[in-house]
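Student: Can you read through this structure? Questions will come right after.
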Amino acid sequence: MDRSDLQQLSKEQLIELVLRLQRPDKTSRTSSKPPSTDKKEKRENSRPGGAKLGHEPHNRRLSDDPDEFRDHMPSVCEQCGETFPLDAEADLIGEYDEIEIPPVKPYVIRHRRFACRCAHCGVAAKAPAPAVATTTPFGPRIHALAIYLKGFQALSYERLRGLFRDAFGLSVSEGALMNMFIRSHPRFEIEAEKAKSILRAAQVVASDETGVRIEGTNSYHWVFHCKDAVVHQPDYSRAARVVDEMMAGHKPAVWISDRYSAQQKHGERHQTCLAHLARDTAFAFEHGSDDLPFRFKLWLGKTFDLARTIADFAASTLARKKRDLEKQLETLLAAPTECDLARELGSSLFQVGELARTSPAMR
């Protein structure tokens with residue numbers, strides 16, 4: 001938008017544009033943005049490391065099975081200088097653990113293959129080649145450690161190579177690391193198929209997706225969750241096709257997700273993820289211009305409280321509490337407001353509530 005475009009705007013349109021530009025950026029606490037996108041606090045406002053004020057100290061308990069004991073005995077009497085004999089009677093007055101990691105280096109097994117010539121017939125006999133002759137020289141513990149550091153600690157190939165070199169004195173190429181991960185695929189696929197089978201039989205399934213980079217390309221990390229399984233699925237697409245392939249025709253009784261179109265119509269009933277709405281509400285509460293976002297926040301708090309104790313109520317009590325929440329939401333949606341953030345939030349809650357009556361204040 002250049003100067004000529006701005007000159008064509010009315011006064012009200014200019015005011016609206018300025019107000020929108022003045023809105024603060026959303027964070028992971030007030031939106032679905034990942035925490036990695038948050039700006040770091042200024043140093044004067046940041047919290048220092050270490051124990052916080054009021055934190056109760058906790059001392060490490062002594063080991064139940066120490067590897068070595070080192071006894072410290074007084075050698076002479078501090079009063080008169082008399083030397084204590086080696087077998088002097090002594091009372092234990094203190095114990096302290098010193099903890100250290102022993103030197104770690106690769107344990108190398110050299111497999112040697114021999115051939116023998118038969119003294120009777122003269123034919124040479126060769127020993128069978130060990131498995132290591134035709135497979136990787138790296139053992140299962142190295143495979144497991146590489147998978148853990150890559151998958152759970154998110155080390156890059158370069159840093160993973162450096163760790164093996166610096167901590168263990170082991171030289172491993174990036175190609176060797178890649179082959180370790182490839183060799184692990186069959187075992188992981190077995191467990192992945194088990195998780196998918198559980199997911200495809202579940203009656204309640206929750207799903208979400210977020211952007212990731214795969215081989216330098218913008219892609220998506222999908223997550224599918226039920227009571228007994230979690231399935232992670234990377235894909236280049238954010239379309240509903242990913243869900244259809246994952247569920248393989250199974251339609252659970254309840255599908256939980258945000259309001260993204262590709263997440264709709266995958267269950268008999270749909271439950272909007274209230275955590276997304278709670279973040280939108282927090283943003284509107286902090287930056288809105290009236291008290292309606294705060295009233296929405298209180299209403300969501302009651303909703304979460306009911307969800308946490310839902311198993312404690314009889315069906316009739318639960319139905320009454322649900323009706324009360326719906327009436328309260330209707331009242332909030334009908335409340336007049338001049339706050340744009342409150343209007344947007346009310347529109348979202350209106351869609352979630354699937355109310356039959358349209359609220360004039362939110363039009």
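Each chain in the structure tokens gets a letter, A, B and so on, in the order shown; residues start at 1 in every chain, and ligands are counted from 1 in the order they appear.
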Leaving out Glu209 (chain A) and any residue of its chain fewer than 2 positions from it, which residues lie within 12 Å of it when counting only C-alpha atoms, given as a ChimeraX atom specification?
Tutor: /A:32-34,206-207,211-212,219-225,231-240,242-243,257-260,262-263
Student: Return the single residue from A:Arg159, A:Lys11, A:Lys126, A:His120 that is closest to Ala146 (chain A), with distances computed using only C-alpha atoms.
Tutor: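 Among the listed residues, the smallest separation from Ala146 (chain A) belongs to A:Arg159.
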Student: Grab the CA of Leu349 (chain A) to CA of Thr317 (chain A) distance for me, in Å with one decimal place.
Tutor: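 According to the coordinates, CA of Leu349 (chain A) and CA of Thr317 (chain A) are separated by 23.5 Å.
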Student: At a cut-off of 6 Å, using only C-alpha atoms, what residues contact region 269-285 of chain A? Leave out same-chain residues fewer than 6 positions from it and give the result as a list in words.
Tutor: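 The residues that qualify are Thr30, Ser31, Val254, Trp255, Ile256, Ser257, Asp258, Pro293, Phe294 and Leu341 of chain A.
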Student: For those residues, write C-alpha atoms to a file as a PDB file, in the first residue's frame.
Tutor:
```pdb
ATOM      1  CA  THR A  30      -1.713 -15.974  23.199  1.00  0.00           C
ATOM      2  CA  SER A  31      -1.853 -17.892  19.893  1.00  0.00           C
ATOM      3  CA  VAL A 254     -15.632 -37.615  18.532  1.00  0.00           C
ATOM      4  CA  TRP A 255     -12.942 -35.743  16.607  1.00  0.00           C
ATOM      5  CA  ILE A 256     -11.070 -33.013  18.521  1.00  0.00           C
ATOM      6  CA  SER A 257      -9.196 -30.319  16.602  1.00  0.00           C
ATOM      7  CA  ASP A 258      -9.017 -26.609  15.845  1.00  0.00           C
ATOM      8  CA  PRO A 293     -12.751 -10.586  26.657  1.00  0.00           C
ATOM      9  CA  PHE A 294     -12.389 -10.899  30.438  1.00  0.00           C
ATOM     10  CA  LEU A 341     -10.731  -8.361  19.317  1.00  0.00           C
TER      11      LEU A 341
END
```
Student: Run DSSP on the backbone and give me the residues of region 114-283 of chain A it puts in alpha helix (DSSP H), as a PDB file with C-alpha atoms, in the first residue's frame.
Tutor:
```
ATOM      1  CA  PRO A 140      23.319 -51.941  19.071  1.00  0.00           C
ATOM      2  CA  ARG A 141      24.210 -49.558  21.926  1.00  0.00           C
ATOM      3  CA  ILE A 142      25.800 -47.101  19.492  1.00  0.00           C
ATOM      4  CA  HIS A 143      22.698 -47.368  17.292  1.00  0.00           C
ATOM      5  CA  ALA A 144      20.425 -46.731  20.282  1.00  0.00           C
ATOM      6  CA  LEU A 145      22.482 -43.758  21.495  1.00  0.00           C
ATOM      7  CA  ALA A 146      22.543 -42.181  18.024  1.00  0.00           C
ATOM      8  CA  ILE A 147      18.764 -42.574  17.661  1.00  0.00           C
ATOM      9  CA  TYR A 148      18.159 -41.095  21.117  1.00  0.00           C
ATOM     10  CA  LEU A 149      20.422 -38.089  20.562  1.00  0.00           C
ATOM     11  CA  LYS A 150      18.978 -37.417  17.118  1.00  0.00           C
ATOM     12  CA  GLY A 151      15.309 -38.074  17.904  1.00  0.00           C
ATOM     13  CA  TYR A 157      24.350 -34.639  12.077  1.00  0.00           C
ATOM     14  CA  GLU A 158      27.353 -32.352  12.527  1.00  0.00           C
ATOM     15  CA  ARG A 159      26.839 -31.982  16.290  1.00  0.00           C
ATOM     16  CA  LEU A 160      26.119 -35.704  16.631  1.00  0.00           C
ATOM     17  CA  ARG A 161      29.418 -36.518  14.931  1.00  0.00           C
ATOM     18  CA  GLY A 162      31.167 -34.055  17.237  1.00  0.00           C
ATOM     19  CA  LEU A 163      29.642 -35.593  20.354  1.00  0.00           C
ATOM     20  CA  PHE A 164      30.741 -39.112  19.426  1.00  0.00           C
ATOM     21  CA  ARG A 165      34.228 -37.783  18.674  1.00  0.00           C
ATOM     22  CA  ASP A 166      34.663 -35.573  21.763  1.00  0.00           C
ATOM     23  CA  ALA A 167      32.815 -37.644  24.393  1.00  0.00           C
ATOM     24  CA  PHE A 168      33.652 -41.185  23.251  1.00  0.00           C
ATOM     25  CA  GLU A 174      27.337 -38.635   8.586  1.00  0.00           C
ATOM     26  CA  GLY A 175      26.733 -41.433   6.109  1.00  0.00           C
ATOM     27  CA  ALA A 176      27.263 -44.025   8.849  1.00  0.00           C
ATOM     28  CA  LEU A 177      24.805 -42.178  11.092  1.00  0.00           C
ATOM     29  CA  MET A 178      22.235 -42.068   8.287  1.00  0.00           C
ATOM     30  CA  ASN A 179      22.642 -45.814   7.747  1.00  0.00           C
ATOM     31  CA  MET A 180      22.072 -46.424  11.473  1.00  0.00           C
ATOM     32  CA  PHE A 181      18.728 -44.646  11.258  1.00  0.00           C
ATOM     33  CA  ILE A 182      17.771 -46.496   8.074  1.00  0.00           C
ATOM     34  CA  ARG A 183      18.570 -49.864   9.687  1.00  0.00           C
ATOM     35  CA  SER A 184      16.286 -48.963  12.613  1.00  0.00           C
ATOM     36  CA  HIS A 185      13.249 -48.329  10.371  1.00  0.00           C
ATOM     37  CA  PRO A 186      11.824 -51.900  10.347  1.00  0.00           C
ATOM     38  CA  ARG A 187      11.596 -52.098  14.138  1.00  0.00           C
ATOM     39  CA  PHE A 188      10.052 -48.649  14.421  1.00  0.00           C
ATOM     40  CA  GLU A 189       7.564 -49.509  11.655  1.00  0.00           C
ATOM     41  CA  ILE A 190       6.306 -52.473  13.684  1.00  0.00           C
ATOM     42  CA  GLU A 191       5.540 -50.233  16.676  1.00  0.00           C
ATOM     43  CA  ALA A 192       4.137 -47.492  14.413  1.00  0.00           C
ATOM     44  CA  GLU A 193       1.675 -49.943  12.865  1.00  0.00           C
ATOM     45  CA  LYS A 194       0.586 -51.038  16.348  1.00  0.00           C
ATOM     46  CA  ALA A 195      -0.068 -47.397  17.298  1.00  0.00           C
ATOM     47  CA  LYS A 196      -2.028 -46.804  14.070  1.00  0.00           C
ATOM     48  CA  SER A 197      -4.172 -49.885  14.725  1.00  0.00           C
ATOM     49  CA  ILE A 198      -5.054 -48.555  18.188  1.00  0.00           C
ATOM     50  CA  LEU A 199      -5.814 -45.119  16.719  1.00  0.00           C
ATOM     51  CA  ARG A 241      -5.943 -36.290   2.529  1.00  0.00           C
ATOM     52  CA  VAL A 242      -3.396 -36.826   5.336  1.00  0.00           C
ATOM     53  CA  VAL A 243      -6.185 -37.487   7.846  1.00  0.00           C
ATOM     54  CA  ASP A 244      -8.039 -39.787   5.451  1.00  0.00           C
ATOM     55  CA  GLU A 245      -4.928 -41.888   4.862  1.00  0.00           C
ATOM     56  CA  MET A 246      -4.135 -42.068   8.569  1.00  0.00           C
ATOM     57  CA  MET A 247      -7.634 -43.090   9.682  1.00  0.00           C
ATOM     58  CA  LEU A 274     -10.617 -25.175  23.669  1.00  0.00           C
ATOM     59  CA  ALA A 275      -6.886 -24.607  24.178  1.00  0.00           C
ATOM     60  CA  HIS A 276      -6.797 -22.675  20.895  1.00  0.00           C
ATOM     61  CA  LEU A 277      -9.736 -20.552  22.030  1.00  0.00           C
ATOM     62  CA  ALA A 278      -8.091 -20.005  25.422  1.00  0.00           C
ATOM     63  CA  ARG A 279      -5.012 -18.536  23.723  1.00  0.00           C
ATOM     64  CA  ASP A 280      -7.168 -16.246  21.566  1.00  0.00           C
ATOM     65  CA  THR A 281      -9.024 -15.199  24.694  1.00  0.00           C
ATOM     66  CA  ALA A 282      -5.778 -14.430  26.540  1.00  0.00           C
ATOM     67  CA  PHE A 283      -4.653 -12.187  23.669  1.00  0.00           C
TER      68      PHE A 283
END
```
Student: Would you mind telling me which residue in A:Glu56, A:Ala342, A:Leu62, A:Lys105 lies nearest to Glu286 (chain A) when using only C-alpha atoms?
Tutor: A:Ala342
Student: Just give me the gap between CA of Asp97 (chain A) and CA of Met73 (chain A) in Å, one decimal is fine.
Tutor: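 Computing the Euclidean distance for CA of Asp97 (chain A) and CA of Met73 (chain A) yields 16.7 Å.
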Student: So which bits of region 53-217 of chain A end up strand (DSSP E or B) when you DSSP the backbone, as number ranges by chain?
Tutor: A: 76, 83, 115-117, 124-126, 204-214, 217
Student: Please produce a file of the residues just selected, as a tab-separated table (two decimals), in the first residue's frame, where the atoms kept are C-alpha atoms.
Tutor:
```tsv
chain	number	residue	atom	x	y	z
A	76	VAL	CA	47.22	-36.70	65.51
A	83	THR	CA	49.65	-39.86	67.16
A	115	ALA	CA	41.60	-71.12	7.53
A	116	CYS	CA	43.11	-74.55	8.22
A	117	ARG	CA	44.41	-77.15	5.80
A	124	ALA	CA	41.65	-75.94	3.09
A	125	ALA	CA	38.73	-75.20	5.44
A	126	LYS	CA	37.69	-71.61	6.13
A	204	VAL	CA	-12.15	-40.25	20.60
A	205	VAL	CA	-9.28	-38.87	18.51
A	206	ALA	CA	-7.52	-35.50	18.78
A	207	SER	CA	-5.43	-34.05	15.96
A	208	ASP	CA	-3.32	-31.02	15.18
A	209	GLU	CA	-0.66	-29.99	12.66
A	210	THR	CA	2.17	-27.50	12.56
A	211	GLY	CA	4.68	-26.31	10.02
A	212	VAL	CA	8.14	-27.91	9.81
A	213	ARG	CA	11.02	-27.99	7.35
A	214	ILE	CA	11.68	-31.32	5.63
A	217	THR	CA	10.90	-27.67	2.01
```
Student: Grab the CA of Gly288 (chain A) to CA of Gly346 (chain A) distance for me, in Å with one decimal place.
Tutor: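 Computed distance, CA of Gly288 (chain A) to CA of Gly346 (chain A), equals 12.6 Å.
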Student: Report as a PyMOL selection string all protein, DNA and RNA residues lying within 12 Å of Leu92 (chain A), evaluated on only C-alpha atoms, omitting residues in the same chain fewer than 2 positions from it.
Tutor: chain A and resi 71-74+89-90+94-96
Student: May I ask which of the residues A:Ala201, A:Ala248, A:Leu292, A:Ala253 is the closest one to Ala229 (chain A), counting only C-alpha atoms?
Tutor: A:Ala201
Student: Compare A:Thr337, A:Thr27, A:Gln79, A:Ser173 by their minimum atom-to-atom distance to Asp291 (chain A), counting only C-alpha atoms, and give me the closest one.
Tutor: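 Looking only at the distances to Asp291 (chain A), the closest residue turns out to be A:Thr337.
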